[in-house]
Amino acid sequence: MMLSLSSSPHLKRQRNTGQVMRLVMYAAIPGLIAQTWFFGFGALVHFAVAAATCIATEALIVELRKRDVERTIKDSSALLTALLLAVSIPPYAPWWLTVIGSVFAIAIVKQLYGGLGNNPFNPAMAAYVMLLISFPVQMTNWAPVASLSQYEESALDSASIVFTGYNVEGYSIEQLRSDVDGHTMATPLDHLKTALTTGETSEEALQAPIYSNGLGQGWFWINMAYLFGGLLLLRLKVINWHIPVGVIVGTFAISGFFHLIDGSVYASPLFHLFSGGLMFGAFFIATDPVSASTTDKGRLLFGAGIGLWIYIIRTWGGYPDAVAFAVLIMNMGVPLIDYYTRPRTYGHRSEHKSAIKRAEDRD
Amino acid sequence: MTLLIALIAVAILALIFGLILGYASIKFKVEGDPLVEQLDHVLPQTQCGQCGYPGCRPYAEAIANGDEINKCPPGGEATIKKIADIMGVEPKPLDAAHGQEDIKKVAFIREDECIGCTKCIQACPVDAILGAAKQMHTIIKDECTGCDLCVEPCPVDCIDMVPVETTSKTWKWQLDAIPVKQVETQ
Amino acid sequence: MYNEFKTIIDRIKQGKLWRFRGGVHPDGRKSLSNTHEIADIAIPNRLYLPLKQHIGVEGVVSVAVGDHVLKGQKLTKSSNPFFVPVHAPTSGKIVGIEKHVSAHPSGIPEQTIIIEPDKKDTWAELKPLKNYDAFPKIKVLETICQAGIAGMGGAGFPTHLKASPKKGVEFLIINGVECEPYITADDRLMREHANQIRQGIDILAYLLSPQHIVIAIEDNKPEAVQALTEACSDSADISVCEIPTRYPAGGEKQLIQVLTNREVPHNGLPIDVGVIMQNVGTCFAIADAVLAGIPLIRRVVTITGEAIDRAGNAWVLLGTPISHLMSQAEYHAKRQSQQRMIMGGPMMGYTVASADVPVIKTTNCILVPTDKEMPPMGEEQPCIRCSACADACPAHLLPQQLYWHGKAKEYDKAQEYNLFDCIECGACAFVCPSEIPLVHYYRQAKADIRIQQEEADKAEKARERFEARKARLKREQEEREEKHRKAAEARRQAMDKTDSDAKDKIAAALARVKAKQSGSQEEAPKTANKPNDKVAAAIARAKAKKQAASESEANVSNTQNGGESNQPPSTNDKVAAAIARAKAKKAQRAEQENTSIDTNTSDEPQTSNTASDTQTEKQDRIAQAIARAKAKKAAKQQFERAENKSSSGSSTEGQGAEASMPVIKDEVPQPTDTAPLSESEARKQRVAAAIAKAKAKKAKAKEKQALKQADNLKQEPDSPAVSIENDINQQPSAESAPADPETIKKQKVAAAVARAKARKAAKDAEKLNEQNTKDS
């Protein structure tokens, strides 16, 4: 019998990486329920596909890299990536889209950079952007919210559409997406963008049936659900408040500014905050610790930057929603942000400035 | 005419650049040979000669003149890496022909065997051995670089290279390297 | 930022404190050990007192093994200001002063005084300083220092240094926070001995004259707060402050921030912000030392953890091994899958390598947790940059960056992120979801950086010494050349006056050449090439002449080796031959003298025996040394022999070396059987052996370049000189041995002859040497 030696501290908080990841997933449940409520079971079907693909890919690559497969899978990070990707993909997108996205997220974005903790970009968002660029048609096939759709949908229908392109009764996606008049229904953000190009004012555009009270029908509630989940994460101290607050304040500030300048062209801040994937992005995507900033000031900056980019791309860019792009752009800036927002160490005076100066002198 | 203008223009440009270069060469003049200084600074200064040069500075000069960077066993991999950084080349493994990286040692004279021949004193590159003819010699432990050069000249082989003992001050927190004792159980 | 004294006082009086950034809330588990009174523990069978139990220097042991010491007796002394003595914790016998496993995370053995208690507990005479305020402060400080008091909170900084600040003290903070989980030693001490702590505070107040005294206690110890509030109720200058429970609120820097919102500057001390902090345990010990004269020989230690049945606090004598405490507290090894004992708390304590580790002045807790209580660290997982560590860090550091750079050994980067401001509190590793032992990485990085720094300093010193040596050698060389030049000049002048026979002519030529050469050497080396040809020719002539002269001398004095003058003389061979001859002669002489003294001593066995015990020993060693030299030589000889064939000069050398061999051979097998040799004989043999080896080496070196040879020859003048001195030294000892006068006379004559020869040989060697130097 030997005395065993270990380094202090000998006590530790009982929360490991896997638990953190799973807590994030649990917090996403309200949003997932809302999404299913408004858009059918598509998201769940995609989640099943993505989860299987992500875990299989991760296992395969970790095996190839000769690391401990069981331990890697147990940290649940692949599962979380699968969830984030699945809820971002349109519910009626074909199954192979999810498979390609999952493989890309895990193999290229995560494992090729060295696995968990080493990826500079958020795997789910990088995969989403890749899919959006490569398969623009399939990736923008958002079905109308269930209340506006002329068809009732079961889980079976959703699965059938995802895997075959037709629901059980044989309607194609295109048919499912049309309203009673046969017009294809776009997402609120999409519709607003198109309407503005045809010369309508934002107020006029927001009168369309997909909106209610100036907010996208269904989308408002989905965003509220994710907001709720996000607050839960804050309460459990899984995430810090800095990034979500940064995103929300950033979006609010810039959209408010332009709305005040010309309310007829620029939608209200509230519309932006509760449209698309903003709340989901603010609480679940941007807070991905691996690819986000790590200092308090840096996190605020990072979040505000995302808010800014979301608005810029939504308003003037070529894509209706922009959470993924905004996050990826800010991911690129993280090392710089971290470097210039180092906190002042206890007992030092304006430390980071002198440290930066030292570093520059040395180089 | 056009030709002339072109020629004049080129001449003027040449003059301007020439002046700039001339000014730069004065303004940014490099004092001495800082490369050798830098290299000398990263070498371990054991002056052991294992690289084939009589001391660290000559080897630094040799590297600056294009010699291999992997000839310094006392410095080992860390030094090679630093030299590679300075020279802007890829680090390479230590050249085994010059010896192997070893734990740090210092020389120790078994004093009752020393005959006082002063040969080791003459061999020591850093004057770390005290003694006089026919007097016992001893090594100033703190000054010894562990270069090994005094071992060979000793006629009675009374010099040992002893590994530097780890104390609690020089301990590097290798927890798995502590010999652990057993304790009686109840 | 920097709060004025008045603001701080106002806030303290109102109970409105500041907060430090970061921190964690581990489960305190204090009730495990704080419910019982501080117990007394039986005196153990052995006490292990390390010489150094504080930060500073260790003293010199002032007792010896076998001494009987009394309780409280001082065991070490030193005049270094960073020294505090250790005392005997009980009366008993010193049974050892040796290396013993240390109370340090490394467990590296350190010098330790081992006492076997006689269990009588007899006190030494104590010298209390009852009315301390009648004495000058320096006297009180001296008392505290001599009582061996060092900070008992954990760091162990000598208290007398901390109690004699150079600047004015605004706040004296008495640290009773005890923020580490499990530990309750200070808690119990405050509850039970509040009055004595108060006395200690008064002494410190006398020494420091602070403007205000704050006693800080975490709000999870209401009883202690109560006790101290009562003990200090009569003084308006003392406030007892309850501070919120949060680890590490008891850290010096953190506590100062909580109470004053001042930050101790980087590389600074608390006194830089007008604060001095002392632990409650230290206050208690100060009162003991000053008012009762009792030095620091015991302390309160919390013995806790679920692997023992009788958790609690106890008065433990310093030096008590943990194993003794374990047996007293009913330790159950079975409750741990792997035995693990932690000295200190669960956050900053360290696992000990052995149960023989003693309790020292800074030991406040022995923690023996079960596996369930403190599961062994799981496997390290990749950092996900969640920065929970940064949120927990009380020093405002970025632990994840430090970890990243520390692991990659990018130490300059790590230092840029202020690695050395880390207080190793362990809050970061506590919260890390990836179970990364962050603090361990920082410690390793810190140790590495410190050692690298030391090595860089050492390398710099080595470089300086190397260059100084080079400069010295150059200077000596120049001086030598200057001397030679002057000598040559003098000779030339002398020769100019005398008639010129053939010899003089050559000598003159040589002198000229030398003069020229030294002249040309002073010039730039480029120009030296042309004259060198002429110079070389002249030198060759001169050498040939000199060789002839020295050979004739040798032939006259030494007929045995006469044959060699027939050998074709190459200059190098000649030099070697001359030296070899001198040596061979000496060796022979040594042999003769050996035998003569052998006979002397065999005539008078008693006299030599009386003097010989130590000599025999020495001789053994000499014999060993010779044997080693021989072994070395034997290896070389094989190599040499091949060379000897090609070089006649070196073959004679080989003979010379061999000639000395029989002497050694006779001696080696039974050095104790033959009558012991006199001191000088022994020395002579050593010299002979050394010379033999030198010769063997030279033969080998001969084949090498000319430069090296010149160096070897430069060393040669030593050996004849040595032999002369030996001869002289030999005289008294030969006389001291009673022998018949004729033998003595013979010896004297032989010695005189030898001296003359040796001198000549030396002269020859020097001359040749000189020429060789020029030659090369």
# chains A, B, ... in the order shown; residues from 1 in each chain; ligands from 1
>>> residues_around(residues="range 318-321 of chain A", least_positions_apart="5", cutoff="12 Å", atoms="only C-alpha atoms", output="ChimeraX atom specification")
/A:88,128-129,132-133,136,139-140,142,186-194,197,272-278,281,307,309-313,326-327
>>> interface_residues(of="chain C", to="chain A", cutoff="7 Å", atoms="only C-alpha atoms", output="ChimeraX atom specification")
/C:263-266,338-340,346-354,374,382-387,395-397,416,426,429-431,433-434,440
>>> write_last_selection(atoms="N, CA, C and O atoms", output="compact mmCIF listing (two decimals), in the first residue's frame")
# COMPACT_ATOMS: atom_id res chain seq x y z
N GLU C 263 -5.29 47.40 -2.94
CA GLU C 263 -4.63 46.25 -3.54
C GLU C 263 -3.14 46.32 -3.25
O GLU C 263 -2.49 47.33 -3.48
N VAL C 264 -2.61 45.22 -2.76
CA VAL C 264 -1.18 45.14 -2.54
C VAL C 264 -0.52 45.17 -3.92
O VAL C 264 -0.85 44.36 -4.78
N PRO C 265 0.38 46.13 -4.16
CA PRO C 265 0.93 46.21 -5.51
C PRO C 265 1.74 44.97 -5.89
O PRO C 265 2.24 44.26 -5.02
N HIS C 266 1.80 44.76 -7.18
CA HIS C 266 2.57 43.65 -7.72
C HIS C 266 4.00 43.77 -7.20
O HIS C 266 4.60 44.84 -7.23
N GLN C 338 -6.76 4.10 -1.93
CA GLN C 338 -5.32 4.31 -1.87
C GLN C 338 -5.06 5.25 -0.73
O GLN C 338 -5.70 6.30 -0.64
N GLN C 339 -4.15 4.89 0.16
CA GLN C 339 -3.91 5.74 1.32
C GLN C 339 -3.50 7.13 0.88
O GLN C 339 -2.64 7.28 0.02
N ARG C 340 -4.12 8.11 1.48
CA ARG C 340 -3.85 9.48 1.08
C ARG C 340 -3.98 10.36 2.30
O ARG C 340 -4.98 10.31 3.01
N PRO C 346 -8.07 21.09 2.04
CA PRO C 346 -8.33 20.42 0.77
C PRO C 346 -8.05 21.31 -0.45
O PRO C 346 -7.90 20.80 -1.55
N MET C 347 -7.97 22.61 -0.26
CA MET C 347 -7.75 23.49 -1.41
C MET C 347 -6.27 23.76 -1.66
O MET C 347 -5.84 23.85 -2.80
N MET C 348 -5.51 23.94 -0.61
CA MET C 348 -4.11 24.30 -0.81
C MET C 348 -3.14 23.32 -0.17
O MET C 348 -1.93 23.48 -0.29
N GLY C 349 -3.65 22.34 0.55
CA GLY C 349 -2.75 21.40 1.21
C GLY C 349 -2.08 20.48 0.21
O GLY C 349 -2.44 20.45 -0.95
N TYR C 350 -1.10 19.74 0.69
CA TYR C 350 -0.41 18.83 -0.20
C TYR C 350 -0.42 17.43 0.37
O TYR C 350 -0.45 17.24 1.59
N THR C 351 -0.40 16.44 -0.49
CA THR C 351 -0.36 15.07 -0.03
C THR C 351 1.05 14.77 0.44
O THR C 351 2.02 15.22 -0.17
N VAL C 352 1.17 14.06 1.54
CA VAL C 352 2.51 13.75 2.04
C VAL C 352 2.95 12.40 1.49
O VAL C 352 2.13 11.53 1.20
N ALA C 353 4.27 12.27 1.36
CA ALA C 353 4.82 11.07 0.75
C ALA C 353 4.96 9.94 1.75
O ALA C 353 5.09 8.79 1.39
N SER C 354 4.92 10.28 3.03
CA SER C 354 5.14 9.25 4.04
C SER C 354 4.41 9.65 5.32
O SER C 354 4.25 10.83 5.61
N MET C 374 -13.61 12.90 -1.17
CA MET C 374 -12.78 13.61 -2.15
C MET C 374 -12.31 12.60 -3.18
O MET C 374 -11.26 11.99 -3.02
N PRO C 382 -9.92 17.83 -22.32
CA PRO C 382 -9.48 19.07 -22.99
C PRO C 382 -10.20 20.29 -22.43
O PRO C 382 -11.36 20.23 -22.04
N CYS C 383 -9.47 21.38 -22.38
CA CYS C 383 -10.05 22.65 -21.93
C CYS C 383 -11.06 23.11 -22.96
O CYS C 383 -10.79 23.11 -24.15
N ILE C 384 -12.25 23.47 -22.51
CA ILE C 384 -13.25 23.97 -23.46
C ILE C 384 -13.35 25.49 -23.38
O ILE C 384 -14.31 26.07 -23.86
N ARG C 385 -12.38 26.09 -22.77
CA ARG C 385 -12.31 27.56 -22.66
C ARG C 385 -13.58 28.15 -22.06
O ARG C 385 -14.00 29.25 -22.45
N CYS C 386 -14.19 27.44 -21.13
CA CYS C 386 -15.43 27.94 -20.56
C CYS C 386 -15.15 29.14 -19.67
O CYS C 386 -16.06 29.86 -19.31
N SER C 387 -13.89 29.32 -19.30
CA SER C 387 -13.42 30.42 -18.45
C SER C 387 -14.13 30.50 -17.10
O SER C 387 -14.22 31.57 -16.51
N ALA C 395 -7.29 36.60 -8.27
CA ALA C 395 -6.19 37.49 -8.65
C ALA C 395 -6.43 38.14 -10.01
O ALA C 395 -5.54 38.74 -10.57
N HIS C 396 -7.64 37.97 -10.54
CA HIS C 396 -8.02 38.53 -11.85
C HIS C 396 -7.13 38.01 -12.97
O HIS C 396 -6.81 38.75 -13.89
N LEU C 397 -6.71 36.80 -12.87
CA LEU C 397 -5.87 36.25 -13.93
C LEU C 397 -6.75 35.55 -14.96
O LEU C 397 -7.96 35.42 -14.77
N GLU C 416 3.86 36.93 -19.22
CA GLU C 416 3.15 38.10 -19.71
C GLU C 416 1.73 38.12 -19.16
O GLU C 416 1.15 39.17 -18.93
N GLY C 426 -6.23 27.55 -5.82
CA GLY C 426 -6.92 26.35 -6.29
C GLY C 426 -8.36 26.57 -6.69
O GLY C 426 -9.05 25.62 -7.05
N ALA C 429 -8.94 25.36 -10.38
CA ALA C 429 -9.02 23.91 -10.58
C ALA C 429 -10.28 23.34 -9.93
O ALA C 429 -10.84 22.34 -10.37
N PHE C 430 -10.75 24.02 -8.86
CA PHE C 430 -11.95 23.57 -8.18
C PHE C 430 -13.16 23.62 -9.11
O PHE C 430 -13.98 22.72 -9.13
N VAL C 431 -13.25 24.69 -9.91
CA VAL C 431 -14.43 24.84 -10.76
C VAL C 431 -14.26 24.21 -12.14
O VAL C 431 -15.23 24.09 -12.88
N PRO C 433 -14.51 22.23 -15.23
CA PRO C 433 -15.32 21.07 -15.58
C PRO C 433 -14.51 19.98 -16.28
O PRO C 433 -14.94 18.84 -16.36
N SER C 434 -13.36 20.34 -16.79
CA SER C 434 -12.55 19.35 -17.50
C SER C 434 -11.55 18.65 -16.58
O SER C 434 -10.69 17.92 -17.04
N HIS C 440 -1.41 22.71 -10.56
CA HIS C 440 -0.23 21.89 -10.74
C HIS C 440 0.60 22.39 -11.92
O HIS C 440 1.82 22.48 -11.84
>>> atom_distance(atom1="CA of Val273 in chain C", atom2="CA of Arg11 in chain C")
17.3 Å
>>> interface_residues(of="chain B", to="chain C", cutoff="9 Å", atoms="only C-alpha atoms", output="CSV table (one decimal) with C-alpha atoms, in the first residue's frame")
chain,number,residue,atom,x,y,z
B,41,HIS,CA,23.5,34.1,-24.9
B,42,VAL,CA,21.4,31.1,-25.4
B,43,LEU,CA,24.2,28.6,-25.3
B,44,PRO,CA,24.6,27.0,-21.8
B,45,GLN,CA,28.1,28.4,-21.3
B,46,THR,CA,29.5,25.1,-20.0
B,47,GLN,CA,32.5,25.7,-22.2
B,55,GLY,CA,34.1,27.2,-25.8
B,56,CYS,CA,30.6,28.5,-26.3
B,57,ARG,CA,31.4,31.7,-28.0
B,112,ASP,CA,41.8,12.2,0.1
B,113,GLU,CA,42.9,10.8,-3.2
B,114,CYS,CA,44.0,14.0,-4.8
B,115,ILE,CA,47.8,14.3,-5.2
B,117,CYS,CA,49.0,17.9,-9.5
B,119,LYS,CA,46.2,19.3,-14.0
B,125,PRO,CA,37.5,26.5,-18.4
B,126,VAL,CA,35.8,28.6,-15.8
B,127,ASP,CA,38.5,28.4,-13.0
B,128,ALA,CA,36.1,26.6,-10.7
B,133,ALA,CA,50.7,22.4,-6.5
B,134,LYS,CA,50.8,19.5,-4.0
B,142,ASP,CA,28.4,26.7,-7.6
B,143,GLU,CA,30.8,27.7,-10.3
B,144,CYS,CA,31.2,24.3,-11.9
B,145,THR,CA,29.4,24.0,-15.2
B,153,PRO,CA,43.5,15.0,-17.1
B,154,CYS,CA,43.4,13.6,-13.5
B,155,PRO,CA,46.3,11.2,-13.1
B,156,VAL,CA,44.7,9.3,-10.3
B,157,ASP,CA,41.1,9.5,-11.5
B,158,CYS,CA,39.8,11.1,-8.3
B,166,THR,CA,17.3,18.0,-6.3
B,167,THR,CA,16.3,20.0,-3.2
B,168,SER,CA,12.9,21.3,-2.3
B,169,LYS,CA,14.0,24.6,-3.9
B,170,THR,CA,14.9,23.0,-7.3
B,171,TRP,CA,12.1,20.5,-7.2
B,172,LYS,CA,9.8,20.8,-10.3
B,173,TRP,CA,6.6,19.3,-8.9
B,174,GLN,CA,7.1,15.9,-10.4
B,175,LEU,CA,4.6,14.2,-8.1
B,177,ALA,CA,8.7,10.8,-9.1
B,178,ILE,CA,8.7,10.8,-5.3
B,179,PRO,CA,9.6,7.6,-3.6
B,180,VAL,CA,6.6,6.8,-1.5
B,181,LYS,CA,6.9,5.0,1.8
B,182,GLN,CA,4.5,2.5,3.2
B,183,VAL,CA,2.5,3.1,6.3
B,184,GLU,CA,1.2,0.5,8.7
B,185,THR,CA,-2.5,0.0,8.6
B,186,GLN,CA,-4.6,-0.7,11.6
>>> atom_distance(atom1="CA of Val10 in chain B", atom2="CA of Phe28 in chain B")
26.0 Å
>>> select_by_dssp(residues="range 29-199 of chain C", states="alpha helix (DSSP H)", output="list in words")
Lys137, Ile138, Lys139, Val140, Leu141, Glu142, Thr143, Ile144, Cys145, Gln146, Thr159, His160, Leu161, Lys162, Ala185, Asp186, Asp187, Arg188, Leu189, Met190, Arg191, Glu192, Ala194, Asn195, Gln196, Ile197, Arg198 and Gln199 of chain C
>>> atom_distance(atom1="CA of Ile73 in chain A", atom2="CA of Asp391 in chain C")
27.2 Å
>>> residues_around(residues="Leu44 in chain A", least_positions_apart="6", cutoff="10 Å", atoms="only C-alpha atoms", output="list in words")
Leu32, Ile33, Gln35, Thr36, Ala50, Leu83, Ala86, Val87, Pro91, Ala155, Ser158 and Ala159 of chain A
>>> residues_around(residues="Gln217 in chain A", least_positions_apart="2", cutoff="12 Å", atoms="only C-alpha atoms", output="MDAnalysis selection string")
chainID A and resid 34:35 38:39 144:148 186:189 206:215 219:223 271 274:276
>>> residues_around(residues="Ala249 in chain C", least_positions_apart="2", cutoff="12 Å", atoms="only C-alpha atoms", output="VMD selection string")
chain C and resid 18 to 25 175 to 181 216 to 219 242 to 247 251 to 259 393 to 395 425 427
>>> residues_around(residues="Gly256 in chain A", least_positions_apart="2", cutoff="10 Å", atoms="only C-alpha atoms", output="PyMOL selection string")
chain A and resi 250-254+258-263+266-270+272
>>> write_last_selection(atoms="C-alpha atoms", output="JSON list (two decimals), in the first residue's frame")
[["chain", "number", "residue", "atom", "x", "y", "z"],
["A", 250, "GLY", "CA", -25.94, 45.26, -29.82],
["A", 251, "THR", "CA", -28.89, 44.29, -31.99],
["A", 252, "PHE", "CA", -31.24, 46.56, -30.15],
["A", 253, "ALA", "CA", -28.95, 49.54, -30.34],
["A", 254, "ILE", "CA", -28.23, 49.42, -34.05],
["A", 258, "PHE", "CA", -31.88, 52.93, -37.90],
["A", 259, "HIS", "CA", -35.53, 52.52, -36.99],
["A", 260, "LEU", "CA", -35.46, 56.01, -35.54],
["A", 261, "ILE", "CA", -33.82, 57.38, -38.66],
["A", 262, "ASP", "CA", -36.33, 55.85, -41.05],
["A", 263, "GLY", "CA", -39.05, 53.67, -39.59],
["A", 266, "TYR", "CA", -35.98, 49.71, -41.11],
["A", 267, "ALA", "CA", -37.96, 47.35, -38.96],
["A", 268, "SER", "CA", -38.31, 47.93, -35.24],
["A", 269, "PRO", "CA", -35.75, 46.59, -32.76],
["A", 270, "LEU", "CA", -38.41, 44.33, -31.27],
["A", 272, "HIS", "CA", -35.30, 41.99, -34.98]]
>>> residues_around(residues="Tyr113 in chain A", least_positions_apart="6", cutoff="12 Å", atoms="only C-alpha atoms", output="VMD selection string")
chain A and resid 61 105 to 107 119 to 123 290 to 291
>>> write_last_selection(atoms="N, CA, C and O atoms", output="mmCIF file, in the first residue's frame")
data_model
loop_
_atom_site.group_PDB
_atom_site.id
_atom_site.type_symbol
_atom_site.label_atom_id
_atom_site.label_comp_id
_atom_site.auth_asym_id
_atom_site.auth_seq_id
_atom_site.Cartn_x
_atom_site.Cartn_y
_atom_site.Cartn_z
ATOM 1 N N ILE A 61 -13.523 9.301 -35.994
ATOM 2 C CA ILE A 61 -12.310 10.112 -36.097
ATOM 3 C C ILE A 61 -11.460 10.003 -34.847
ATOM 4 O O ILE A 61 -10.240 9.905 -34.919
ATOM 5 N N ALA A 105 -19.405 19.309 -39.664
ATOM 6 C CA ALA A 105 -19.215 19.961 -38.366
ATOM 7 C C ALA A 105 -18.207 19.208 -37.507
ATOM 8 O O ALA A 105 -17.285 19.791 -36.944
ATOM 9 N N ILE A 106 -18.387 17.905 -37.420
ATOM 10 C CA ILE A 106 -17.532 17.128 -36.516
ATOM 11 C C ILE A 106 -16.163 16.872 -37.127
ATOM 12 O O ILE A 106 -15.128 17.109 -36.492
ATOM 13 N N ALA A 107 -16.156 16.394 -38.364
ATOM 14 C CA ALA A 107 -14.879 15.966 -38.943
ATOM 15 C C ALA A 107 -14.010 17.163 -39.292
ATOM 16 O O ALA A 107 -12.839 17.211 -38.916
ATOM 17 N N ASN A 119 -11.211 24.026 -31.610
ATOM 18 C CA ASN A 119 -11.801 24.529 -32.843
ATOM 19 C C ASN A 119 -12.053 26.024 -32.739
ATOM 20 O O ASN A 119 -12.704 26.489 -31.804
ATOM 21 N N PRO A 120 -11.527 26.786 -33.694
ATOM 22 C CA PRO A 120 -11.726 28.230 -33.615
ATOM 23 C C PRO A 120 -13.149 28.644 -33.977
ATOM 24 O O PRO A 120 -13.590 29.728 -33.618
ATOM 25 N N PHE A 121 -13.878 27.785 -34.714
ATOM 26 C CA PHE A 121 -15.228 28.146 -35.125
ATOM 27 C C PHE A 121 -16.248 27.239 -34.465
ATOM 28 O O PHE A 121 -15.951 26.094 -34.122
ATOM 29 N N ASN A 122 -17.425 27.765 -34.330
ATOM 30 C CA ASN A 122 -18.518 26.980 -33.787
ATOM 31 C C ASN A 122 -18.905 25.916 -34.815
ATOM 32 O O ASN A 122 -19.317 26.244 -35.925
ATOM 33 N N PRO A 123 -18.757 24.639 -34.497
ATOM 34 C CA PRO A 123 -18.960 23.580 -35.498
ATOM 35 C C PRO A 123 -20.357 23.637 -36.122
ATOM 36 O O PRO A 123 -20.484 23.565 -37.352
ATOM 37 N N VAL A 290 -16.013 27.284 -26.425
ATOM 38 C CA VAL A 290 -14.766 26.981 -27.131
ATOM 39 C C VAL A 290 -14.379 28.100 -28.084
ATOM 40 O O VAL A 290 -13.221 28.499 -28.166
ATOM 41 N N SER A 291 -15.394 28.594 -28.812
ATOM 42 C CA SER A 291 -15.064 29.555 -29.867
ATOM 43 C C SER A 291 -15.388 30.997 -29.489
ATOM 44 O O SER A 291 -15.223 31.896 -30.299
#
